[in-house]
>>> print(open('model-v6.cif').read())   # mmCIF, C-alpha atoms and all ligand atoms
data_start
loop_
_atom_site.label_atom_id
_atom_site.label_comp_id
_atom_site.auth_asym_id
_atom_site.auth_seq_id
_atom_site.Cartn_x
_atom_site.Cartn_y
_atom_site.Cartn_z
CA MET A 1 0.00 0.00 0.00
CA ARG A 2 1.40 3.43 -0.96
CA VAL A 3 1.36 5.86 1.98
CA SER A 4 2.30 9.47 1.31
CA VAL A 5 2.47 12.00 4.14
CA GLU A 6 4.42 15.22 4.04
CA VAL A 7 4.28 17.85 6.82
CA ARG A 8 5.67 21.38 6.50
CA SER A 9 5.87 23.75 9.45
CA PHE A 10 5.77 27.53 9.20
CA LEU A 11 5.67 28.19 12.93
CA GLY A 12 8.65 28.39 15.25
CA PRO A 13 11.63 30.60 16.00
CA GLY A 14 11.68 32.42 12.63
CA ASP A 15 7.98 33.19 12.82
CA ASP A 16 7.49 36.90 13.21
CA SER A 17 3.94 37.06 14.61
CA SER A 18 3.91 35.00 17.71
CA LEU A 19 2.44 34.53 21.12
CA ALA A 20 4.93 37.12 22.39
CA ASP A 21 3.51 39.82 20.09
CA ASP A 22 -0.07 38.92 20.96
CA VAL A 23 0.65 39.01 24.70
CA LEU A 24 2.48 42.30 24.41
CA ASP A 25 -0.32 43.85 22.35
CA GLY A 26 -3.24 42.21 24.10
CA LEU A 27 -2.27 42.61 27.75
CA THR A 28 -1.19 46.22 27.55
CA ARG A 29 -4.53 47.48 26.17
CA PRO A 30 -7.16 49.16 28.36
CA PHE A 31 -9.47 46.20 27.58
CA LYS A 32 -7.27 43.10 27.74
CA GLU A 33 -7.59 40.46 25.06
CA LEU A 34 -5.78 37.41 23.64
CA PRO A 35 -6.55 35.72 20.31
CA PRO A 36 -8.13 32.24 20.62
CA LYS A 37 -5.49 30.43 18.55
CA HIS A 38 -3.29 30.24 21.68
CA PHE A 39 -5.71 27.87 23.43
CA TYR A 40 -4.51 24.98 21.31
CA ASP A 41 -1.28 23.56 22.70
CA ASP A 42 -1.41 19.75 23.10
CA ILE A 43 -3.40 20.07 26.34
CA GLY A 44 -5.77 22.65 24.85
CA ALA A 45 -6.35 20.42 21.81
CA GLN A 46 -7.23 17.52 24.14
CA LEU A 47 -9.57 19.72 26.17
CA PHE A 48 -11.26 20.85 22.95
CA ASP A 49 -11.81 17.20 21.99
CA ARG A 50 -13.47 16.66 25.39
CA ILE A 51 -15.68 19.71 24.81
CA CYS A 52 -16.86 18.12 21.55
CA GLU A 53 -18.18 15.14 23.51
CA LEU A 54 -20.05 17.18 26.15
CA PRO A 55 -23.84 16.86 26.25
CA GLU A 56 -24.23 20.67 26.23
CA TYR A 57 -21.92 21.23 23.24
CA TYR A 58 -24.30 20.55 20.34
CA PRO A 59 -22.21 21.96 17.40
CA THR A 60 -19.92 18.96 16.87
CA ARG A 61 -22.51 16.21 16.84
CA THR A 62 -24.92 18.34 14.80
CA GLU A 63 -22.32 19.12 12.16
CA ARG A 64 -21.43 15.41 12.06
CA LEU A 65 -25.10 14.65 11.39
CA ILE A 66 -25.21 17.16 8.53
CA LEU A 67 -22.02 15.77 7.03
CA ALA A 68 -23.34 12.21 7.30
CA GLU A 69 -26.46 13.29 5.41
CA HIS A 70 -24.91 15.55 2.78
CA SER A 71 -21.27 14.60 2.12
CA SER A 72 -22.24 12.72 -1.03
CA ASP A 73 -24.14 15.82 -2.27
CA ILE A 74 -21.05 17.93 -1.59
CA ALA A 75 -18.88 15.40 -3.44
CA ALA A 76 -21.25 15.43 -6.42
CA LEU A 77 -21.51 19.24 -6.50
CA THR A 78 -17.77 19.85 -6.26
CA ARG A 79 -16.09 16.77 -7.81
CA ALA A 80 -13.11 17.85 -5.69
CA ALA A 81 -9.67 16.29 -6.09
CA GLU A 82 -8.24 18.24 -3.16
CA LEU A 83 -9.61 18.99 0.28
CA VAL A 84 -7.84 21.75 2.19
CA GLU A 85 -9.04 21.92 5.79
CA LEU A 86 -8.33 25.01 7.88
CA GLY A 87 -8.16 24.37 11.64
CA SER A 88 -8.41 20.64 10.99
CA GLY A 89 -7.79 19.42 14.56
CA THR A 90 -8.19 15.64 14.70
CA ALA A 91 -10.25 15.70 11.47
CA ALA A 92 -12.82 13.43 13.12
CA LYS A 93 -15.78 14.64 11.03
CA THR A 94 -13.64 15.16 7.95
CA ARG A 95 -13.60 11.42 7.30
CA LEU A 96 -17.22 11.62 6.21
CA LEU A 97 -16.24 14.07 3.49
CA LEU A 98 -13.05 12.25 2.53
CA SER A 99 -14.99 8.99 2.19
CA ALA A 100 -17.65 10.61 0.00
CA LEU A 101 -14.98 12.14 -2.26
CA ALA A 102 -13.10 8.83 -2.38
CA ASP A 103 -16.33 6.99 -3.25
CA ALA A 104 -16.97 9.49 -6.03
CA GLY A 105 -13.50 8.64 -7.35
CA THR A 106 -12.25 12.24 -7.43
CA LEU A 107 -10.13 12.56 -4.25
CA ARG A 108 -6.34 12.81 -4.59
CA ARG A 109 -4.99 15.11 -1.88
CA TYR A 110 -5.87 16.17 1.68
CA VAL A 111 -4.21 19.29 3.09
CA PRO A 112 -4.86 19.77 6.82
CA VAL A 113 -3.76 23.16 8.20
CA ASP A 114 -3.51 23.71 11.95
CA VAL A 115 -1.34 25.46 14.55
CA THR A 116 -1.02 22.27 16.63
CA GLU A 117 1.87 20.31 15.15
CA GLY A 118 1.35 17.06 17.10
CA VAL A 119 -2.24 16.83 15.89
CA ILE A 120 -1.31 17.45 12.24
CA ARG A 121 1.40 14.77 12.32
CA ALA A 122 -0.70 12.13 14.12
CA THR A 123 -3.85 12.75 12.06
CA GLY A 124 -1.94 12.86 8.77
CA ALA A 125 -0.30 9.48 9.43
CA ILE A 126 -3.60 7.84 10.41
CA LEU A 127 -5.50 9.22 7.41
CA ALA A 128 -2.86 8.18 4.93
CA THR A 129 -3.29 4.56 6.03
CA GLU A 130 -7.08 4.81 6.20
CA TYR A 131 -7.25 6.15 2.63
CA PRO A 132 -4.72 4.24 0.52
CA GLY A 133 -3.42 6.32 -2.36
CA LEU A 134 -4.33 9.63 -0.70
CA ASP A 135 -1.55 12.25 -0.60
CA VAL A 136 -1.57 14.05 2.75
CA HIS A 137 0.26 17.40 2.73
CA GLY A 138 0.00 18.73 6.29
CA ILE A 139 0.72 22.37 7.04
CA VAL A 140 1.61 23.43 10.57
CA GLY A 141 0.81 27.09 10.36
CA ASP A 142 -1.52 29.97 10.99
CA PHE A 143 -4.42 30.04 8.56
CA GLU A 144 -4.43 33.83 8.72
CA ARG A 145 -0.84 34.10 7.57
CA HIS A 146 0.44 30.96 5.87
CA LEU A 147 -2.08 30.07 3.19
CA GLY A 148 0.27 31.46 0.54
CA HIS A 149 2.23 28.22 0.99
CA LEU A 150 -0.60 26.02 -0.28
CA GLY A 151 0.76 25.93 -3.81
CA PRO A 152 -1.14 24.79 -6.89
CA SER A 153 -4.14 22.52 -6.43
CA ALA A 154 -4.26 18.85 -7.43
CA GLY A 155 -7.56 19.54 -9.29
CA PRO A 156 -10.88 21.08 -8.22
CA ARG A 157 -10.35 22.20 -4.63
CA ILE A 158 -12.59 22.44 -1.59
CA VAL A 159 -11.37 24.70 1.19
CA ALA A 160 -13.22 23.68 4.35
CA MET A 161 -13.43 25.27 7.76
CA LEU A 162 -15.58 23.11 10.00
CA GLY A 163 -16.78 23.30 13.58
CA GLY A 164 -17.84 26.95 13.56
CA THR A 165 -14.23 28.20 13.70
CA ILE A 166 -15.14 31.05 11.31
CA GLY A 167 -17.16 32.44 14.25
CA ASN A 168 -13.93 32.97 16.20
CA PHE A 169 -12.96 35.88 13.91
CA THR A 170 -14.14 39.42 14.54
CA PRO A 171 -16.53 40.54 11.75
CA GLY A 172 -14.02 42.61 9.76
CA ALA A 173 -11.28 39.99 10.00
CA ARG A 174 -13.84 37.36 9.02
CA ARG A 175 -14.70 39.08 5.75
CA ARG A 176 -11.05 39.75 4.98
CA PHE A 177 -10.30 36.09 5.62
CA LEU A 178 -13.18 34.86 3.44
CA ARG A 179 -12.08 37.14 0.62
CA ASP A 180 -8.49 35.84 0.85
CA VAL A 181 -9.67 32.22 0.96
CA GLY A 182 -11.90 32.87 -2.07
CA ARG A 183 -8.78 33.68 -4.07
CA LEU A 184 -7.37 30.22 -3.30
CA LEU A 185 -10.33 28.36 -4.74
CA GLY A 186 -9.72 28.78 -8.44
CA PRO A 187 -12.62 28.94 -10.91
CA ASP A 188 -13.86 25.40 -10.19
CA GLY A 189 -13.25 25.36 -6.44
CA ALA A 190 -15.66 25.67 -3.49
CA LEU A 191 -15.65 26.86 0.08
CA LEU A 192 -17.30 24.69 2.74
CA ILE A 193 -17.90 26.41 6.00
CA GLY A 194 -19.52 25.23 9.23
CA VAL A 195 -21.48 27.90 11.11
CA ASP A 196 -23.27 27.77 14.43
CA LEU A 197 -26.73 29.30 13.97
CA VAL A 198 -28.50 31.89 16.13
CA LYS A 199 -30.97 30.21 18.50
CA ASP A 200 -32.29 30.41 22.05
CA PRO A 201 -29.48 32.18 23.98
CA ALA A 202 -29.92 29.79 26.93
CA ARG A 203 -29.03 26.85 24.70
CA ILE A 204 -25.95 28.65 23.36
CA GLU A 205 -24.78 29.79 26.81
CA ALA A 206 -25.14 26.25 28.20
CA ALA A 207 -22.74 25.01 25.50
CA TYR A 208 -20.03 27.34 26.86
CA ASN A 209 -20.80 26.83 30.56
CA ASP A 210 -20.83 23.03 30.79
CA ALA A 211 -21.61 21.41 34.11
CA ALA A 212 -18.36 19.39 34.11
CA GLY A 213 -16.27 22.57 33.83
CA VAL A 214 -14.26 21.42 30.79
CA THR A 215 -14.78 24.71 28.93
CA ALA A 216 -13.56 26.58 32.02
CA GLN A 217 -10.39 24.44 32.01
CA PHE A 218 -9.96 25.07 28.26
CA ASN A 219 -10.34 28.80 28.86
CA ARG A 220 -7.81 28.91 31.70
CA ASN A 221 -5.37 26.80 29.70
CA VAL A 222 -4.37 29.86 27.69
CA LEU A 223 -2.77 31.24 30.86
CA GLN A 224 -0.77 28.01 31.27
CA VAL A 225 0.43 28.43 27.69
CA VAL A 226 1.65 31.97 28.45
CA ASN A 227 3.27 30.77 31.69
CA ARG A 228 5.17 28.00 29.94
CA GLU A 229 6.10 29.72 26.68
CA LEU A 230 6.96 33.18 28.02
CA ARG A 231 7.89 32.38 31.64
CA ALA A 232 4.92 34.23 33.11
CA ASP A 233 3.44 33.72 36.60
CA PHE A 234 -0.32 33.76 36.03
CA GLU A 235 -2.28 31.84 38.68
CA PRO A 236 -4.99 30.34 36.45
CA ASP A 237 -7.10 29.20 39.39
CA GLU A 238 -7.42 32.82 40.49
CA PHE A 239 -9.45 33.58 37.35
CA ASP A 240 -13.13 32.74 36.87
CA HIS A 241 -14.41 31.42 33.57
CA VAL A 242 -17.06 33.75 32.12
CA ALA A 243 -19.09 33.00 28.97
CA PHE A 244 -22.18 34.94 27.91
CA PHE A 245 -24.20 35.56 24.76
CA ASP A 246 -23.98 39.15 23.57
CA ARG A 247 -27.39 39.71 21.96
CA ASP A 248 -26.37 42.83 20.08
CA HIS A 249 -23.47 41.18 18.32
CA GLU A 250 -25.02 37.70 18.36
CA TRP A 251 -21.82 36.13 19.62
CA ILE A 252 -20.54 34.32 22.67
CA GLU A 253 -17.77 36.03 24.57
CA MET A 254 -15.42 34.02 26.71
CA ARG A 255 -13.49 35.90 29.31
CA LEU A 256 -11.30 35.25 32.34
CA ARG A 257 -12.20 37.40 35.36
CA ALA A 258 -9.57 38.11 38.04
CA ARG A 259 -10.85 37.08 41.48
CA ARG A 260 -8.70 39.71 43.16
CA ARG A 261 -6.23 42.43 42.33
CA MET A 262 -3.16 40.80 40.80
CA THR A 263 0.23 41.61 39.38
CA VAL A 264 1.57 39.25 36.73
CA HIS A 265 5.13 39.15 35.42
CA VAL A 266 5.96 37.94 31.95
CA ALA A 267 9.69 37.34 32.28
CA ASP A 268 10.53 36.81 28.60
CA LEU A 269 8.94 40.15 27.71
CA ALA A 270 10.15 42.04 30.79
CA LEU A 271 6.49 42.93 31.18
CA THR A 272 4.45 43.56 34.33
CA VAL A 273 0.68 43.51 33.98
CA THR A 274 -1.82 44.45 36.66
CA PHE A 275 -5.38 43.20 36.92
CA ALA A 276 -7.91 45.05 39.05
CA MET A 277 -10.27 42.93 41.11
CA ARG A 278 -12.92 41.50 38.72
CA GLU A 279 -11.07 42.84 35.67
CA GLU A 280 -11.69 40.68 32.60
CA LEU A 281 -9.50 39.38 29.82
CA ARG A 282 -11.37 38.47 26.64
CA THR A 283 -10.12 35.16 25.25
CA GLU A 284 -12.63 34.33 22.49
CA ILE A 285 -15.65 35.45 20.59
CA SER A 286 -17.77 32.80 18.89
CA ALA A 287 -20.19 34.40 16.44
CA LYS A 288 -23.53 32.77 15.68
CA PHE A 289 -25.06 33.18 12.24
CA THR A 290 -28.38 33.76 10.53
CA PRO A 291 -28.66 32.85 6.83
CA ARG A 292 -28.85 36.60 6.22
CA ARG A 293 -25.60 37.34 8.05
CA LEU A 294 -23.87 34.58 6.12
CA ALA A 295 -25.21 35.85 2.79
CA ALA A 296 -23.95 39.37 3.60
CA ASP A 297 -20.49 38.01 4.48
CA PHE A 298 -20.35 36.03 1.25
CA ALA A 299 -21.45 38.98 -0.86
CA ALA A 300 -18.84 41.23 0.78
CA SER A 301 -16.18 38.59 0.13
CA ARG A 302 -17.01 37.99 -3.56
CA LEU A 303 -18.46 34.55 -2.84
CA GLU A 304 -21.70 33.12 -4.13
CA PRO A 305 -23.73 30.65 -2.04
CA ILE A 306 -24.45 27.26 -3.61
CA GLU A 307 -26.27 25.54 -0.75
CA LEU A 308 -26.86 25.85 3.00
CA PHE A 309 -27.29 22.40 4.59
CA THR A 310 -28.80 22.33 8.09
CA ASP A 311 -30.11 19.84 10.64
CA PRO A 312 -33.86 19.40 11.28
CA ASP A 313 -33.69 21.62 14.40
CA GLY A 314 -31.82 24.42 12.63
CA LEU A 315 -28.98 24.37 15.16
CA PHE A 316 -26.01 24.37 12.81
CA GLY A 317 -25.33 25.11 9.16
CA LEU A 318 -22.87 23.89 6.57
CA ALA A 319 -22.58 26.36 3.72
CA LEU A 320 -21.12 25.65 0.32
CA ALA A 321 -20.08 28.64 -1.79
CA ARG A 322 -18.00 29.40 -4.85
CA PRO A 323 -16.16 32.48 -6.08
CA VAL A 324 -18.28 35.01 -7.96
CA ALA A 325 -17.33 34.64 -11.61
CA THR A 326 -15.12 37.51 -12.72
CA PRO A 327 -16.69 39.25 -15.74
CA ARG A 328 -14.58 38.55 -18.76
CA PHE A 329 -14.11 41.19 -21.42
CA GLY A 330 -13.79 39.16 -24.56
CA ALA A 331 -14.38 39.78 -28.23
CA ALA A 332 -16.64 42.85 -27.77
CA HIS A 333 -13.92 44.64 -25.83
CA ARG A 334 -11.32 43.77 -28.45
CA ARG A 335 -13.57 45.17 -31.24
CA VAL A 336 -13.93 48.50 -29.41
CA SER A 337 -10.17 48.65 -28.83
CA ALA A 338 -9.50 47.84 -32.47
CA ALA A 339 -11.92 50.56 -33.62
CA ALA A 340 -10.33 53.08 -31.29
CA ALA A 341 -6.82 52.24 -32.53
N1 LIG A 401 -12.18 21.47 12.73
C1 LIG A 401 -12.23 20.80 14.01
C2 LIG A 401 -11.49 21.57 15.10
C3 LIG A 401 -12.08 22.91 15.46
S1 LIG A 401 -11.23 23.62 16.85
C4 LIG A 401 -13.66 20.55 14.39
O1 LIG A 401 -14.53 20.96 13.66
O2 LIG A 401 -13.88 19.93 15.42
C5 LIG A 401 -10.33 24.89 16.05
C6 LIG A 401 -9.05 24.34 15.40
O3 LIG A 401 -8.44 25.41 14.70
C7 LIG A 401 -8.04 23.83 16.41
O4 LIG A 401 -7.55 22.59 15.98
C8 LIG A 401 -6.96 24.91 16.43
O5 LIG A 401 -5.67 24.40 16.71
C9 LIG A 401 -7.07 25.48 15.05
N2 LIG A 401 -6.71 26.89 14.94
C10 LIG A 401 -7.17 27.93 15.69
N3 LIG A 401 -6.66 29.10 15.24
C11 LIG A 401 -5.85 28.78 14.20
C12 LIG A 401 -5.04 29.55 13.32
N4 LIG A 401 -4.96 30.88 13.43
N5 LIG A 401 -4.36 28.91 12.35
C13 LIG A 401 -4.43 27.55 12.22
N6 LIG A 401 -5.17 26.77 13.04
C14 LIG A 401 -5.87 27.38 14.01
C1 LIG A 402 -13.31 26.12 17.66
N1 LIG A 402 -14.44 26.97 18.00
C2 LIG A 402 -15.41 27.00 16.91
C3 LIG A 402 -15.06 26.63 19.30
C4 LIG A 402 -16.29 27.55 19.52
O1 LIG A 402 -17.33 27.02 19.89
O2 LIG A 402 -16.19 28.75 19.29
C5 LIG A 402 -14.08 26.79 20.43
C6 LIG A 402 -14.72 26.66 21.76
N2 LIG A 402 -14.67 27.55 22.71
C7 LIG A 402 -15.36 27.13 23.75
N3 LIG A 402 -15.87 25.96 23.47
C8 LIG A 402 -15.49 25.62 22.23
#
>>> encode(input="model-v6.cif", output="structure tokens")
Amino acid sequence: MRVSVEVRSFLGPGDDSSLADDVLDGLTRPFKELPPKHFYDDIGAQLFDRICELPEYYPTRTERLILAEHSSDIAALTRAAELVELGSGTAAKTRLLLSALADAGTLRRYVPVDVTEGVIRATGAILATEYPGLDVHGIVGDFERHLGHLGPSAGPRIVAMLGGTIGNFTPGARRRFLRDVGRLLGPDGALLIGVDLVKDPARIEAAYNDAAGVTAQFNRNVLQVVNRELRADFEPDEFDHVAFFDRDHEWIEMRLRARRRMTVHVADLALTVTFAMREELRTEISAKFTPRRLAADFAASRLEPIELFTDPDGLFGLALARPVATPRFGAAHRRVSAAAA
């Protein structure tokens, strides 16, 4: 059996936009904030996998249901040879899509992209044996900065972002990102994007305030990452997990709230940060979508919806879109130019 796995890493010492920059920027602002990508060291990735199994966290199992129902439709609509997955994690649900593309006889290459190197390597190796003949080209990198390294496609390409990860961008960054991704699709490519839908706020808030406290552990883990990577002295247990639905923005905010006044040192940055009692650090937003919001984002990003697949309860959506065709100035334009010449 031919097994082909190649992993390239664009993170590490030479990387110029790192945790250090984000900590320096984010913890010296009047309203403190850290980007959510820093949750996902090996421990954070494991905690996220536990979140996916929680009874309150409906997005994962609902998206799996939608994929089980519609992967063959997606395979037929796209006839994709290449699946690029942004924020692939353990690619647990992705197998449904890979199998449908393999069954359709079009699949040649899978390109998982994630910041967590261990997960990319382990998942890549497993998938290459599960799908004989599949080329796995893993990219350890930041999907906001390293997509230029994708290179030419192996044929019609799907770029997928599952799990609702698109909701973790702020609205402006989200549209910029969608526009940039649209440019990677090529004329016969498609974007597949999982979005958590707006619903009863109590249901959404329960998903981020689970009874077992796993989401709270996941939230605090970002402080452990800063402690380890930048020799800081955060006391994670002195911060409360806070998650609430902001009805104006229709997004969840996760924050860490200091239980008392605190001074934190970040040795590698020679930085001292103070937290007032009950001061909050925002660690994530998780936007929820209406079909209208999604359509507006697509239009602003030069993307055209093909289909929005949902579950019977309308909890989660999986949207397929393609780039808006660029108008081509053909023969008519040449005639005018010739006449003018
Ligand atoms: N797609 C999976 C995992 C979602 S969790 C699912 O649907 O279950 C979000 C994933 O995105 C994590 O694996 C995390 O490591 C990755 N991630 C977050 N920010 C990232 C970034 N800026 N660049 C690349 N990967 C990122
Ligand atoms: C990865 N992302 C879509 C998850 C979300 O729901 O926004 C991360 C997460 N945060 C708390 N629980 C899960």
>>> residues_around(input="model-v6.cif", residues="Ala276 in chain A", least_positions_apart="2", cutoff="10 Å", atoms="all atoms listed in the file", output="PyMOL selection string")
chain A and resi 257-263+274+278-280
>>> residues_around(input="model-v6.cif", residues="Leu320 in chain A", least_positions_apart="6", cutoff="9 Å", atoms="only C-alpha atoms", output="list in words")
Ile74, Ala190, Leu191, Leu192, Ile193, Glu304, Pro305, Ile306, Glu307, Leu308 and Phe309 of chain A
>>> residues_near_ligand(input="model-v6.cif", ligand="ligand LIG 401 (chain A)", cutoff="8 Å", atoms="all atoms listed in the file", output="ChimeraX atom specification")
/A:36-41,45,48-49,52,60,85-93,113-116,119,140-145,161-165,194
>>> write_last_selection(input="model-v6.cif", atoms="C-alpha atoms", output="JSON list (two decimals), in the frame of the given file")
[["chain", "number", "residue", "atom", "x", "y", "z"],
["A", 36, "PRO", "CA", -8.13, 32.24, 20.62],
["A", 37, "LYS", "CA", -5.49, 30.43, 18.55],
["A", 38, "HIS", "CA", -3.29, 30.24, 21.68],
["A", 39, "PHE", "CA", -5.71, 27.87, 23.43],
["A", 40, "TYR", "CA", -4.51, 24.98, 21.31],
["A", 41, "ASP", "CA", -1.28, 23.56, 22.70],
["A", 45, "ALA", "CA", -6.35, 20.42, 21.81],
["A", 48, "PHE", "CA", -11.26, 20.85, 22.95],
["A", 49, "ASP", "CA", -11.81, 17.20, 21.99],
["A", 52, "CYS", "CA", -16.86, 18.12, 21.55],
["A", 60, "THR", "CA", -19.92, 18.96, 16.87],
["A", 85, "GLU", "CA", -9.04, 21.92, 5.79],
["A", 86, "LEU", "CA", -8.33, 25.01, 7.88],
["A", 87, "GLY", "CA", -8.16, 24.37, 11.64],
["A", 88, "SER", "CA", -8.41, 20.64, 10.99],
["A", 89, "GLY", "CA", -7.79, 19.42, 14.56],
["A", 90, "THR", "CA", -8.19, 15.64, 14.70],
["A", 91, "ALA", "CA", -10.25, 15.70, 11.47],
["A", 92, "ALA", "CA", -12.82, 13.43, 13.12],
["A", 93, "LYS", "CA", -15.78, 14.64, 11.03],
["A", 113, "VAL", "CA", -3.76, 23.16, 8.20],
["A", 114, "ASP", "CA", -3.51, 23.71, 11.95],
["A", 115, "VAL", "CA", -1.34, 25.46, 14.55],
["A", 116, "THR", "CA", -1.02, 22.27, 16.63],
["A", 119, "VAL", "CA", -2.24, 16.83, 15.89],
["A", 140, "VAL", "CA", 1.61, 23.43, 10.57],
["A", 141, "GLY", "CA", 0.81, 27.09, 10.36],
["A", 142, "ASP", "CA", -1.52, 29.97, 10.99],
["A", 143, "PHE", "CA", -4.42, 30.04, 8.56],
["A", 144, "GLU", "CA", -4.43, 33.83, 8.72],
["A", 145, "ARG", "CA", -0.84, 34.10, 7.57],
["A", 161, "MET", "CA", -13.43, 25.27, 7.76],
["A", 162, "LEU", "CA", -15.58, 23.11, 10.00],
["A", 163, "GLY", "CA", -16.78, 23.30, 13.58],
["A", 164, "GLY", "CA", -17.84, 26.95, 13.56],
["A", 165, "THR", "CA", -14.23, 28.20, 13.70],
["A", 194, "GLY", "CA", -19.52, 25.23, 9.23]]
>>> closest_residue(input="model-v6.cif", among="A:Ala104, A:Leu178, A:Ile166, A:Met254", to="Ala80 in chain A", atoms="all atoms listed in the file")
A:Ala104
>>> atom_distance(input="model-v6.cif", atom1="CA of Pro156 in chain A", atom2="CA of Ala296 in chain A")
25.4 Å
>>> closest_residue(input="model-v6.cif", among="A:Leu98, A:Leu271, A:Ala160, A:Leu47", to="ligand LIG 402 (chain A)", atoms="only C-alpha atoms and all ligand atoms")
A:Leu47
>>> axis_aligned_box(input="model-v6.cif", around="ligand LIG 402 (chain A)", padding_each_side="3 Å", output="AutoDock Vina command-line options")
--center_x -15.3 --center_y 27.2 --center_z 20.3 --size_x 10.0 --size_y 9.1 --size_z 12.8
